[in-house]
file protein33.cif (mmCIF, C-alpha atoms)
data_input
#
loop_
_atom_site.label_atom_id
_atom_site.label_comp_id
_atom_site.auth_asym_id
_atom_site.auth_seq_id
_atom_site.Cartn_x
_atom_site.Cartn_y
_atom_site.Cartn_z
CA MET E 56 -4.28 33.84 -11.65
CA ILE E 57 -6.98 31.16 -11.58
CA ASP E 58 -10.47 32.37 -10.66
CA SER E 59 -12.79 30.50 -8.29
CA ARG E 60 -14.97 29.24 -11.15
CA GLU E 61 -11.98 27.55 -12.81
CA ILE E 62 -10.88 26.07 -9.47
CA LYS E 63 -14.31 24.51 -8.91
CA LYS E 64 -14.32 23.14 -12.44
CA MET E 65 -10.87 21.58 -12.09
CA ARG E 66 -11.66 20.14 -8.65
CA LYS E 67 -14.77 18.48 -10.11
CA ILE E 68 -12.66 16.91 -12.86
CA PHE E 69 -10.02 15.64 -10.41
CA ARG E 70 -12.74 14.24 -8.13
CA LYS E 71 -14.01 12.15 -11.05
CA TYR E 72 -10.59 10.46 -11.23
CA GLY E 73 -10.17 9.91 -7.49
CA TYR E 74 -8.18 13.18 -7.10
CA THR E 75 -5.18 11.72 -8.92
CA MET E 76 -4.81 12.08 -12.69
CA LYS E 77 -2.40 10.91 -15.35
CA THR E 78 -1.13 13.27 -18.04
CA PHE E 79 -3.23 11.61 -20.77
CA GLU E 80 -6.34 11.91 -18.57
CA LEU E 81 -5.69 15.62 -18.14
CA SER E 82 -5.37 16.03 -21.92
CA LYS E 83 -8.57 14.06 -22.40
CA GLU E 84 -10.33 16.56 -20.11
CA LYS E 85 -8.77 19.46 -22.07
CA ILE E 86 -6.39 20.43 -19.26
CA TYR E 87 -3.14 21.22 -21.04
CA TYR E 88 0.44 22.10 -20.13
CA LYS E 89 -0.26 25.79 -19.41
CA ASP E 90 -3.20 24.88 -17.14
CA ILE E 91 -1.07 22.32 -15.31
CA GLN E 92 1.75 24.82 -14.72
CA GLN E 93 -0.67 27.46 -13.44
CA SER E 94 -2.27 24.93 -11.10
CA LEU E 95 1.13 23.82 -9.80
CA GLU E 96 2.17 27.41 -9.13
CA ALA E 97 -1.14 28.12 -7.39
CA GLY E 98 -0.71 25.06 -5.18
CA LEU E 99 -3.92 23.46 -6.41
CA ILE E 100 -2.13 20.31 -7.56
CA GLU E 101 1.22 18.65 -7.00
CA LYS E 102 3.31 16.34 -9.13
CA VAL E 103 3.48 12.94 -7.45
CA LYS E 104 5.79 11.37 -10.04
CA ARG E 105 6.36 11.59 -13.78
CA GLY E 106 2.98 11.70 -15.46
CA TYR E 107 0.89 11.79 -12.24
CA TYR E 108 -0.70 14.80 -10.56
CA GLN E 109 -2.70 14.94 -7.30
CA TRP E 110 -5.26 17.53 -6.25
CA THR E 111 -4.12 19.18 -3.01
CA CYS E 112 -6.24 22.29 -2.50
CA GLU E 113 -8.50 21.72 0.53
CA TYR E 114 -8.01 17.98 0.09
CA THR E 115 -6.60 15.91 2.92
CA ASP E 116 -7.86 12.41 2.16
CA SER E 117 -5.99 9.21 3.01
CA ASP E 118 -2.84 8.11 1.19
CA ILE E 119 -4.74 4.93 0.31
CA MET E 120 -6.64 6.55 -2.54
CA LEU E 121 -3.40 7.73 -4.15
CA LEU E 122 -1.59 4.42 -3.62
CA ASN E 123 -4.51 2.48 -5.07
CA LYS E 124 -4.40 4.72 -8.12
CA LEU E 125 -0.65 4.36 -8.61
CA PHE E 126 -0.40 0.67 -7.70
CA PRO E 127 -3.75 -1.11 -8.26
CA ASP E 128 -1.85 -4.42 -8.57
CA ALA E 129 -0.04 -4.09 -5.21
CA VAL E 130 -0.77 -6.14 -2.09
CA PHE E 131 -0.40 -4.51 1.33
CA CYS E 132 1.81 -6.58 3.60
CA MET E 133 4.29 -6.68 6.51
CA GLU E 134 3.99 -3.80 9.02
CA THR E 135 1.02 -2.27 7.19
CA ALA E 136 -0.95 -5.54 7.41
CA CYS E 137 0.21 -6.13 11.00
CA PHE E 138 -1.10 -2.71 12.01
CA TYR E 139 -4.42 -3.39 10.26
CA TYR E 140 -4.83 -6.73 12.07
CA TRP E 141 -3.94 -5.09 15.43
CA TYR E 142 -0.84 -7.27 15.78
CA SER E 143 1.18 -4.08 16.20
CA ASP E 144 0.21 -0.73 17.69
CA ARG E 145 3.21 0.93 16.10
CA THR E 146 2.11 3.10 13.16
CA PRO E 147 4.34 2.19 10.18
CA SER E 148 6.52 5.04 8.93
CA ARG E 149 6.05 3.72 5.40
CA TRP E 150 3.34 1.90 3.49
CA ASN E 151 4.47 -1.69 2.90
CA PHE E 152 3.28 -3.55 -0.16
CA ALA E 153 4.30 -6.41 -2.42
CA ILE E 154 4.41 -6.12 -6.18
CA ASP E 155 5.43 -8.24 -9.15
CA ARG E 156 9.22 -8.28 -9.40
CA ARG E 157 8.97 -7.61 -13.14
CA VAL E 158 7.49 -4.15 -12.51
CA SER E 159 9.86 -1.37 -13.52
CA LYS E 160 11.70 0.17 -10.57
CA SER E 161 11.00 3.63 -11.96
CA ARG E 162 7.29 3.04 -11.36
CA THR E 163 7.87 2.85 -7.61
CA GLU E 164 10.11 5.91 -7.45
CA ILE E 165 7.80 8.40 -5.76
CA ASP E 166 8.52 11.10 -3.21
CA TYR E 167 5.25 10.69 -1.38
CA PRO E 168 3.61 8.74 0.19
CA PHE E 169 6.57 6.97 1.77
CA ILE E 170 6.63 3.34 0.67
CA LYS E 171 8.62 0.14 1.10
CA VAL E 172 8.25 -2.29 -1.77
CA TYR E 173 8.72 -6.06 -1.63
CA ARG E 174 9.26 -7.52 -5.09
CA MET E 175 8.36 -11.14 -5.69
CA GLU E 176 7.48 -13.62 -8.40
CA GLN E 177 3.86 -13.83 -9.48
CA LYS E 178 3.24 -17.21 -7.83
CA LEU E 179 4.22 -15.88 -4.40
CA LEU E 180 2.52 -12.53 -4.96
CA ALA E 181 -0.89 -14.18 -5.33
CA LEU E 182 -0.57 -16.40 -2.25
CA GLY E 183 -3.02 -15.45 0.51
CA VAL E 184 -4.42 -12.28 -1.08
CA THR E 185 -7.70 -11.02 0.38
CA LYS E 186 -9.81 -7.88 0.01
CA HIS E 187 -10.08 -5.31 2.79
CA VAL E 188 -11.42 -1.79 3.12
CA ILE E 189 -9.18 0.97 4.49
CA ASP E 190 -10.55 4.52 4.76
CA GLY E 191 -13.44 3.49 2.55
CA ILE E 192 -11.15 2.17 -0.21
CA GLU E 193 -11.03 -1.52 -1.17
CA VAL E 194 -7.45 -2.79 -1.30
CA ASN E 195 -5.54 -6.04 -1.69
CA MET E 196 -3.95 -7.29 1.53
CA TYR E 197 -2.45 -10.57 2.64
CA ASP E 198 -4.47 -12.56 5.15
CA ARG E 199 -3.29 -12.99 8.74
CA ASP E 200 -1.38 -16.22 8.17
CA ARG E 201 0.45 -15.05 5.05
CA THR E 202 1.32 -11.82 6.86
CA ILE E 203 2.98 -13.78 9.66
CA CYS E 204 4.93 -15.93 7.20
CA ASP E 205 6.21 -12.76 5.53
CA CYS E 206 7.28 -11.43 8.92
CA LEU E 207 9.21 -14.67 9.44
CA ARG E 208 10.83 -14.29 6.01
CA TYR E 209 11.90 -10.72 6.64
CA MET E 210 12.30 -10.80 10.42
CA ASN E 211 15.81 -9.34 10.19
CA GLN E 212 14.32 -6.21 8.62
CA MET E 213 11.83 -5.68 11.45
CA ASN E 214 12.28 -4.01 14.81
CA THR E 215 12.83 -6.86 17.32
CA GLU E 216 10.25 -5.56 19.80
CA THR E 217 7.66 -5.11 17.05
CA PHE E 218 8.36 -8.58 15.64
CA ASN E 219 7.95 -10.27 19.04
CA LYS E 220 4.70 -8.40 19.70
CA VAL E 221 3.35 -9.38 16.28
CA ILE E 222 4.07 -13.07 16.89
CA GLN E 223 2.50 -13.04 20.36
CA ASN E 224 -0.62 -11.25 19.15
CA TYR E 225 -0.99 -13.69 16.26
CA ILE E 226 -0.79 -16.61 18.67
CA LYS E 227 -3.62 -15.07 20.74
CA ASP E 228 -5.75 -14.29 17.68
CA PRO E 229 -8.85 -16.54 17.49
CA LYS E 230 -9.06 -15.81 13.75
CA LYS E 231 -5.68 -17.35 12.95
CA ASN E 232 -5.71 -20.37 10.63
CA ILE E 233 -2.89 -22.79 11.48
CA PRO E 234 -3.41 -25.09 8.45
CA ASN E 235 -3.04 -21.99 6.25
CA LEU E 236 0.07 -20.93 8.16
CA ILE E 237 1.66 -24.35 7.70
CA GLU E 238 0.85 -24.40 3.97
CA TYR E 239 2.14 -20.88 3.37
CA ALA E 240 5.26 -21.59 5.41
CA LYS E 241 6.10 -24.52 3.13
CA VAL E 242 5.71 -22.46 -0.05
CA LEU E 243 7.65 -19.51 1.40
CA ARG E 244 10.32 -21.78 2.90
CA VAL E 245 9.94 -20.63 6.48
CA SER E 246 8.62 -23.89 7.96
CA LYS E 247 11.51 -24.20 10.42
CA LYS E 248 11.08 -20.63 11.66
CA ALA E 249 7.33 -21.17 12.01
CA LYS E 250 7.90 -24.34 14.02
CA ASP E 251 10.61 -22.83 16.23
CA LEU E 252 8.96 -19.45 16.89
CA ILE E 253 5.26 -20.27 16.75
CA GLY E 254 4.81 -24.04 16.99
CA VAL E 255 5.94 -24.20 20.60
CA TRP E 256 3.03 -21.92 21.59
CA LEU E 257 0.31 -23.80 19.78
#

call {"tool": "encode", "arguments": {"input": "protein33.cif", "output": "structure tokens"}}
result
Amino acid sequence: MIDSREIKKMRKIFRKYGYTMKTFELSKEKIYYKDIQQSLEAGLIEKVKRGYYQWTCEYTDSDIMLLNKLFPDAVFCMETACFYYWYSDRTPSRWNFAIDRRVSKSRTEIDYPFIKVYRMEQKLLALGVTKHVIDGIEVNMYDRDRTICDCLRYMNQMNTETFNKVIQNYIKDPKKNIPNLIEYAKVLRVSKKAKDLIGVWL
């Protein structure tokens, strides 16, 4: 049984680490195996993946904080970026992000939040990265034009209705940057798709 004083103390420690802690961070704060097991049984924390624990008691913050902790090197893309830019009003069922293809697959094996990972070489990963704030958290996200090029690359993996709406909304967007789109399309080898599906509207 964990008393209220211990709960407050542990919550304060977890808050210092963004409510998600690694095993070595717990040890550093003198929270050991027995404490972890008691907290798990009490429902104060939950195991996100091997070596990672998240505070859950009276804590319902955005998934973004957890994802940023687990994948600080990731770049939000595809449906997640489309939703952020208002190109799609369909809430993604999974968080979409790109990551270096050399990253171990075991690192992305988590039960929650639900994610879809796009692995790519470092050169492509860095193309069109910008900073945005979601739920008060600064994250990496591809700009509008890179996002559209990715949608062209992976159009067969997208819902047809969603894809068409994304393209039409991009075309109407006054913030689009066609020179950027053309440059990205060359690098990502989707120039023909960009010309066929977007060029006719420009």

call {"tool": "closest_residue", "arguments": {"input": "protein33.cif", "among": "E:Lys220, E:Arg199, E:Lys231, E:Arg70", "to": "E:Phe131", "atoms": "all atoms listed in the file"}}
result
E:Arg199

call {"tool": "resolve_selection", "arguments": {"input": "protein33.cif", "expression": "the PyMOL selection byres ((chain E and resi 132) around 7)", "output": "list in words"}}
result
Val130, Phe131, Met133, Glu134, Thr135, Ala136, Asn151, Phe152, Ala153, Met196, Tyr197 and Thr202 of chain E

call {"tool": "closest_residue", "arguments": {"input": "protein33.cif", "among": "E:Asp190, E:Gln177, E:Asp251, E:Met65", "to": "E:Lys85", "atoms": "all atoms listed in the file"}}
result
E:Met65

call {"tool": "residues_around", "arguments": {"input": "protein33.cif", "residues": "E:Asp90", "least_positions_apart": "2", "cutoff": "12 Å", "atoms": "all atoms listed in the file", "output": "ChimeraX atom specification"}}
result
/E:56-57,61-62,65,78,81-82,84-88,92-97,99-100

call {"tool": "resolve_selection", "arguments": {"input": "protein33.cif", "expression": "the PyMOL selection byres ((chain E and resi 218) around 12)", "output": "PyMOL selection string"}}
result
chain E and resi 133-134+137-138+142-145+202-217+219-225+252

call {"tool": "closest_residue", "arguments": {"input": "protein33.cif", "among": "E:Ile170, E:Asn123, E:Glu80, E:Trp110", "to": "E:Glu193", "atoms": "only C-alpha atoms"}}
result
E:Asn123

call {"tool": "closest_residue", "arguments": {"input": "protein33.cif", "among": "E:Val103, E:Asn195, E:Ile189, E:Tyr140", "to": "E:Phe169", "atoms": "only C-alpha atoms"}}
result
E:Val103

call {"tool": "axis_aligned_box", "arguments": {"input": "protein33.cif", "around": "stretch 153-163 of chain E", "padding_each_side": "3 Å", "output": "AutoDock Vina command-line options"}}
result
--center_x 8.0 --center_y -2.3 --center_z -8.0 --size_x 13.4 --size_y 17.9 --size_z 17.1

call {"tool": "residues_around", "arguments": {"input": "protein33.cif", "residues": "stretch 233-240 of chain E", "least_positions_apart": "3", "cutoff": "6 Å", "atoms": "all atoms listed in the file", "output": "list in words"}}
result
Asp200, Cys204, Leu243, Arg244, Val245 and Ser246 of chain E

call {"tool": "resolve_selection", "arguments": {"input": "protein33.cif", "expression": "the PyMOL selection byres ((chain E and resi 163) around 10)", "output": "list in words"}}
result
Lys104, Leu125, Phe126, Ile154, Val158, Ser159, Lys160, Ser161, Arg162, Glu164, Ile165, Asp166, Ile170, Lys171 and Val172 of chain E

call {"tool": "build_atoms", "arguments": {"input": "protein33.cif", "residues": "stretch 180-194 of chain E", "atoms": "N, CA and C atoms", "output": "CSV table (one decimal), keeping the file's coordinate frame"}}
result
chain,number,residue,atom,x,y,z
E,180,LEU,N,3.3,-13.8,-5.1
E,180,LEU,CA,2.5,-12.5,-5.0
E,180,LEU,C,1.0,-12.8,-4.7
E,181,ALA,N,0.5,-13.9,-5.4
E,181,ALA,CA,-0.9,-14.2,-5.3
E,181,ALA,C,-1.3,-15.0,-4.1
E,182,LEU,N,-0.3,-15.5,-3.4
E,182,LEU,CA,-0.6,-16.4,-2.2
E,182,LEU,C,-1.2,-15.7,-1.0
E,183,GLY,N,-2.4,-16.0,-0.7
E,183,GLY,CA,-3.0,-15.4,0.5
E,183,GLY,C,-3.6,-14.0,0.4
E,184,VAL,N,-3.9,-13.6,-0.9
E,184,VAL,CA,-4.4,-12.3,-1.1
E,184,VAL,C,-5.9,-12.2,-0.7
E,185,THR,N,-6.3,-11.2,0.0
E,185,THR,CA,-7.7,-11.0,0.4
E,185,THR,C,-8.1,-9.6,0.1
E,186,LYS,N,-9.3,-9.3,0.2
E,186,LYS,CA,-9.8,-7.9,0.0
E,186,LYS,C,-10.2,-7.3,1.4
E,187,HIS,N,-9.7,-6.0,1.6
E,187,HIS,CA,-10.1,-5.3,2.8
E,187,HIS,C,-10.4,-3.9,2.4
E,188,VAL,N,-11.1,-3.2,3.4
E,188,VAL,CA,-11.4,-1.8,3.1
E,188,VAL,C,-10.7,-0.9,4.1
E,189,ILE,N,-9.9,0.0,3.6
E,189,ILE,CA,-9.2,1.0,4.5
E,189,ILE,C,-9.6,2.4,4.1
E,190,ASP,N,-10.1,3.2,5.0
E,190,ASP,CA,-10.6,4.5,4.8
E,190,ASP,C,-11.6,4.5,3.6
E,191,GLY,N,-12.4,3.5,3.6
E,191,GLY,CA,-13.4,3.5,2.6
E,191,GLY,C,-13.0,3.0,1.2
E,192,ILE,N,-11.7,2.6,1.1
E,192,ILE,CA,-11.2,2.2,-0.2
E,192,ILE,C,-10.9,0.7,-0.1
E,193,GLU,N,-11.3,-0.1,-1.1
E,193,GLU,CA,-11.0,-1.5,-1.2
E,193,GLU,C,-9.6,-1.7,-1.7
E,194,VAL,N,-8.8,-2.5,-0.9
E,194,VAL,CA,-7.4,-2.8,-1.3
E,194,VAL,C,-7.2,-4.3,-1.2
